[in-house]
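File shown: upload.cif (mmCIF, C-alpha atoms, pLDDT in the B column; chains and numbers go by the auth columns).
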data_model
loop_
_atom_site.group_PDB
_atom_site.id
_atom_site.type_symbol
_atom_site.label_atom_id
_atom_site.label_comp_id
_atom_site.label_asym_id
_atom_site.label_seq_id
_atom_site.Cartn_x
_atom_site.Cartn_y
_atom_site.Cartn_z
_atom_site.B_iso_or_equiv
_atom_site.auth_seq_id
_atom_site.auth_asym_id
ATOM 1 C CA MET A 1 -0.710 43.789 -55.116 67.00 13 J
ATOM 2 C CA PRO A 2 -3.213 43.241 -52.313 92.00 14 J
ATOM 3 C CA VAL A 3 -3.964 40.112 -50.322 96.00 15 J
ATOM 4 C CA THR A 4 -6.721 37.884 -51.699 97.00 16 J
ATOM 5 C CA VAL A 5 -9.176 36.465 -49.164 97.00 17 J
ATOM 6 C CA ARG A 6 -11.135 33.505 -50.504 97.00 18 J
ATOM 7 C CA ILE A 7 -14.667 33.215 -49.210 97.00 19 J
ATOM 8 C CA PRO A 8 -16.260 29.740 -49.040 95.00 20 J
ATOM 9 C CA THR A 9 -19.519 29.181 -50.866 95.00 21 J
ATOM 10 C CA GLN A 10 -21.652 28.966 -47.727 93.00 22 J
ATOM 11 C CA LEU A 11 -20.434 32.395 -46.526 95.00 23 J
ATOM 12 C CA ARG A 12 -20.688 34.220 -49.862 96.00 24 J
ATOM 13 C CA PRO A 13 -24.216 35.524 -49.209 96.00 25 J
ATOM 14 C CA LEU A 14 -22.581 37.637 -46.473 95.00 26 J
ATOM 15 C CA THR A 15 -20.182 39.193 -49.025 96.00 27 J
ATOM 16 C CA ASN A 16 -22.831 39.953 -51.654 95.00 28 J
ATOM 17 C CA GLY A 17 -21.788 36.791 -53.490 96.00 29 J
ATOM 18 C CA SER A 18 -18.109 37.709 -53.840 96.00 30 J
ATOM 19 C CA PRO A 19 -15.864 34.632 -53.899 97.00 31 J
ATOM 20 C CA GLU A 20 -12.708 36.696 -53.295 97.00 32 J
ATOM 21 C CA ILE A 21 -12.029 39.962 -51.509 96.00 33 J
ATOM 22 C CA ALA A 22 -8.879 42.060 -52.043 96.00 34 J
ATOM 23 C CA LEU A 23 -7.486 43.643 -48.868 96.00 35 J
ATOM 24 C CA GLN A 24 -4.284 45.294 -47.663 95.00 36 J
ATOM 25 C CA SER A 25 -1.441 43.162 -46.336 93.00 37 J
ATOM 26 C CA GLY A 26 -0.399 43.079 -42.679 94.00 38 J
ATOM 27 C CA LYS A 27 -0.932 40.742 -39.768 96.00 39 J
ATOM 28 C CA LEU A 28 -3.711 38.237 -40.338 96.00 40 J
ATOM 29 C CA SER A 29 -5.665 39.774 -37.452 95.00 41 J
ATOM 30 C CA GLU A 30 -5.596 43.111 -39.304 95.00 42 J
ATOM 31 C CA VAL A 31 -6.626 41.557 -42.616 96.00 43 J
ATOM 32 C CA LEU A 32 -9.543 39.713 -41.022 96.00 44 J
ATOM 33 C CA GLY A 33 -10.401 42.804 -38.990 94.00 45 J
ATOM 34 C CA GLU A 34 -10.689 44.837 -42.184 95.00 46 J
ATOM 35 C CA LEU A 35 -12.810 42.077 -43.717 95.00 47 J
ATOM 36 C CA GLY A 36 -15.073 42.201 -40.653 94.00 48 J
ATOM 37 C CA THR A 37 -15.385 45.970 -40.949 95.00 49 J
ATOM 38 C CA VAL A 38 -16.508 45.721 -44.560 95.00 50 J
ATOM 39 C CA TYR A 39 -18.759 42.687 -43.905 96.00 51 J
ATOM 40 C CA PRO A 40 -19.878 42.792 -40.228 95.00 52 J
ATOM 41 C CA GLU A 41 -22.121 39.722 -40.525 95.00 53 J
ATOM 42 C CA LEU A 42 -19.154 37.721 -41.787 94.00 54 J
ATOM 43 C CA LYS A 43 -17.146 38.793 -38.746 94.00 55 J
ATOM 44 C CA THR A 44 -19.672 37.150 -36.418 93.00 56 J
ATOM 45 C CA ARG A 45 -19.338 33.892 -38.360 93.00 57 J
ATOM 46 C CA ILE A 46 -15.539 33.895 -38.074 94.00 58 J
ATOM 47 C CA PHE A 47 -15.005 35.278 -34.568 93.00 59 J
ATOM 48 C CA ASP A 48 -16.751 34.547 -31.270 93.00 60 J
ATOM 49 C CA ASP A 49 -17.870 37.202 -28.777 92.00 61 J
ATOM 50 C CA ASP A 50 -14.361 37.285 -27.258 93.00 62 J
ATOM 51 C CA GLY A 51 -12.756 38.066 -30.617 89.00 63 J
ATOM 52 C CA LYS A 52 -11.221 34.600 -30.995 92.00 64 J
ATOM 53 C CA LEU A 53 -11.535 32.453 -34.093 92.00 65 J
ATOM 54 C CA ARG A 54 -14.454 30.095 -33.840 92.00 66 J
ATOM 55 C CA ARG A 55 -13.436 26.475 -33.321 90.00 67 J
ATOM 56 C CA PHE A 56 -14.959 25.313 -36.581 92.00 68 J
ATOM 57 C CA ILE A 57 -13.218 27.931 -38.745 94.00 69 J
ATOM 58 C CA ASN A 58 -9.868 27.058 -40.286 95.00 70 J
ATOM 59 C CA ILE A 59 -7.709 29.749 -41.838 97.00 71 J
ATOM 60 C CA PHE A 60 -4.927 29.084 -44.321 97.00 72 J
ATOM 61 C CA VAL A 61 -2.334 31.557 -45.573 97.00 73 J
ATOM 62 C CA SER A 62 -0.827 30.419 -48.855 94.00 74 J
ATOM 63 C CA ASP A 63 -1.976 26.842 -48.155 93.00 75 J
ATOM 64 C CA GLU A 64 -0.441 26.777 -44.638 96.00 76 J
ATOM 65 C CA ASP A 65 -2.737 26.277 -41.645 96.00 77 J
ATOM 66 C CA ILE A 66 -2.256 29.265 -39.332 96.00 78 J
ATOM 67 C CA ARG A 67 -2.222 26.883 -36.342 94.00 79 J
ATOM 68 C CA PHE A 68 1.224 25.832 -37.547 95.00 80 J
ATOM 69 C CA LEU A 69 2.323 29.413 -38.231 96.00 81 J
ATOM 70 C CA ASP A 70 1.833 32.356 -35.855 96.00 82 J
ATOM 71 C CA GLY A 71 -1.952 32.171 -35.614 95.00 83 J
ATOM 72 C CA LEU A 72 -3.607 35.550 -35.999 95.00 84 J
ATOM 73 C CA ASP A 73 -0.146 37.157 -35.727 96.00 85 J
ATOM 74 C CA THR A 74 0.894 35.551 -39.028 97.00 86 J
ATOM 75 C CA GLU A 75 2.211 38.162 -41.440 96.00 87 J
ATOM 76 C CA VAL A 76 0.248 38.239 -44.673 96.00 88 J
ATOM 77 C CA THR A 77 2.279 39.741 -47.480 94.00 89 J
ATOM 78 C CA ASP A 78 1.193 41.182 -50.808 93.00 90 J
ATOM 79 C CA GLN A 79 -0.042 38.541 -53.247 93.00 91 J
ATOM 80 C CA SER A 80 -0.753 36.061 -50.423 95.00 92 J
ATOM 81 C CA VAL A 81 -3.979 34.108 -50.487 97.00 93 J
ATOM 82 C CA VAL A 82 -5.975 33.732 -47.281 98.00 94 J
ATOM 83 C CA SER A 83 -8.542 30.933 -47.350 97.00 95 J
ATOM 84 C CA ILE A 84 -11.398 30.704 -44.871 97.00 96 J
ATOM 85 C CA VAL A 85 -12.423 27.075 -44.551 95.00 97 J
ATOM 86 C CA PRO A 86 -15.314 26.049 -42.273 91.00 98 J
ATOM 87 C CA ALA A 87 -14.838 22.592 -40.791 85.00 99 J
ATOM 88 C CA VAL A 88 -17.039 19.902 -42.265 76.00 100 J
ATOM 89 C CA ALA A 89 -18.486 17.165 -40.097 68.00 101 J
ATOM 90 C CA GLY A 90 -20.655 14.208 -40.796 59.00 102 J
ATOM 91 C CA GLY A 91 -20.466 10.700 -41.995 58.00 103 J
ATOM 92 C CA PHE A 92 -21.826 7.401 -40.891 63.00 104 J
#

Please render this file's structure as structure tokens.
Amino acid sequence: MPVTVRIPTQLRPLTNGSPEIALQSGKLSEVLGELGTVYPELKTRIFDDDGKLRRFINIFVSDEDIRFLDGLDTEVTDQSVVSIVPAVAGGF
């Protein structure tokens, strides 16, 4: 079983409307790299020019924030779910 990458609504136009993408397991950097190869415009929304995650992008692997795991070195196993969650700001 592959890894499922969940795409947030506001980024779905960059994946032809797909809410989920199935990719091969491996390190998170490899999974997101493959995603960026298939959808290059999405890559620029997730990573900055230095190849680092943008500050306002949060990534979760099986509901765990990667900041509390091994970051982009987090191992993503078969049947894992990777969620891309843009930060939301606003209020009063």

* Quick one: of J:Ala34, J:Ile78, J:Leu23, J:Val73, who's nearest to Ser95 (chain J), counting all atoms listed in the file? ->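 The shortest atom-to-atom distance to Ser95 (chain J) comes from J:Val73.
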
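Comparing J:Val15, J:Ser74, J:Asn28, J:Gln91 by their smallest distance to Glu46 (chain J), the closest is J:Val15 (using only C-alpha atoms).
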
* Just so the selection is clear, what residues does the PyMOL selection byres ((chain J and resi 26) around 9) cover here, as number ranges by chain? -> J: 22-25, 27-30, 51-54

* With a distance cut-off of 10 Å and all atoms listed in the file, select the neighbouring residues of Asp85 (chain J), excluding the residue or stretch itself and same-chain residues fewer than 6 positions from it, and output the selection as a PyMOL selection string. => chain J and resi 38-42+78

Using C-alpha atoms, can you write the selected residues to a file as a short mmCIF file (atom, residue, chain, number, x, y, z; two decimals), keeping the file's coordinate frame?
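Dumped everything to again_31.cif:
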data_model
loop_
_atom_site.label_atom_id
_atom_site.label_comp_id
_atom_site.auth_asym_id
_atom_site.auth_seq_id
_atom_site.Cartn_x
_atom_site.Cartn_y
_atom_site.Cartn_z
CA GLY J 38 -0.40 43.08 -42.68
CA LYS J 39 -0.93 40.74 -39.77
CA LEU J 40 -3.71 38.24 -40.34
CA SER J 41 -5.66 39.77 -37.45
CA GLU J 42 -5.60 43.11 -39.30
CA ILE J 78 -2.26 29.26 -39.33
#

* Which is closest to Asp75 (chain J) among J:Val43, J:Thr56, J:Ile33, J:Arg18, if we use only C-alpha atoms? ->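 Nearest to Asp75 (chain J): J:Arg18.
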
* Fewer than 6 positions away in the same chain doesn't count, so skip those; otherwise give me all residues within 12 Å of Lys64 (chain J), counting only C-alpha atoms, as a PyMOL selection string. => chain J and resi 41+44-45+55-58+83-84

* **Closest of J:Asp61, J:Asp90, J:Asp82, J:Glu76 to Leu35 (chain J) - atom-to-atom distances counting all atoms listed in the file** => J:Asp90

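Ranking J:Val88, J:Ile71, J:Leu65, J:Val93 by their shortest atom-to-atom distance to Thr16 (chain J), with all atoms listed in the file included, puts J:Val93 first.
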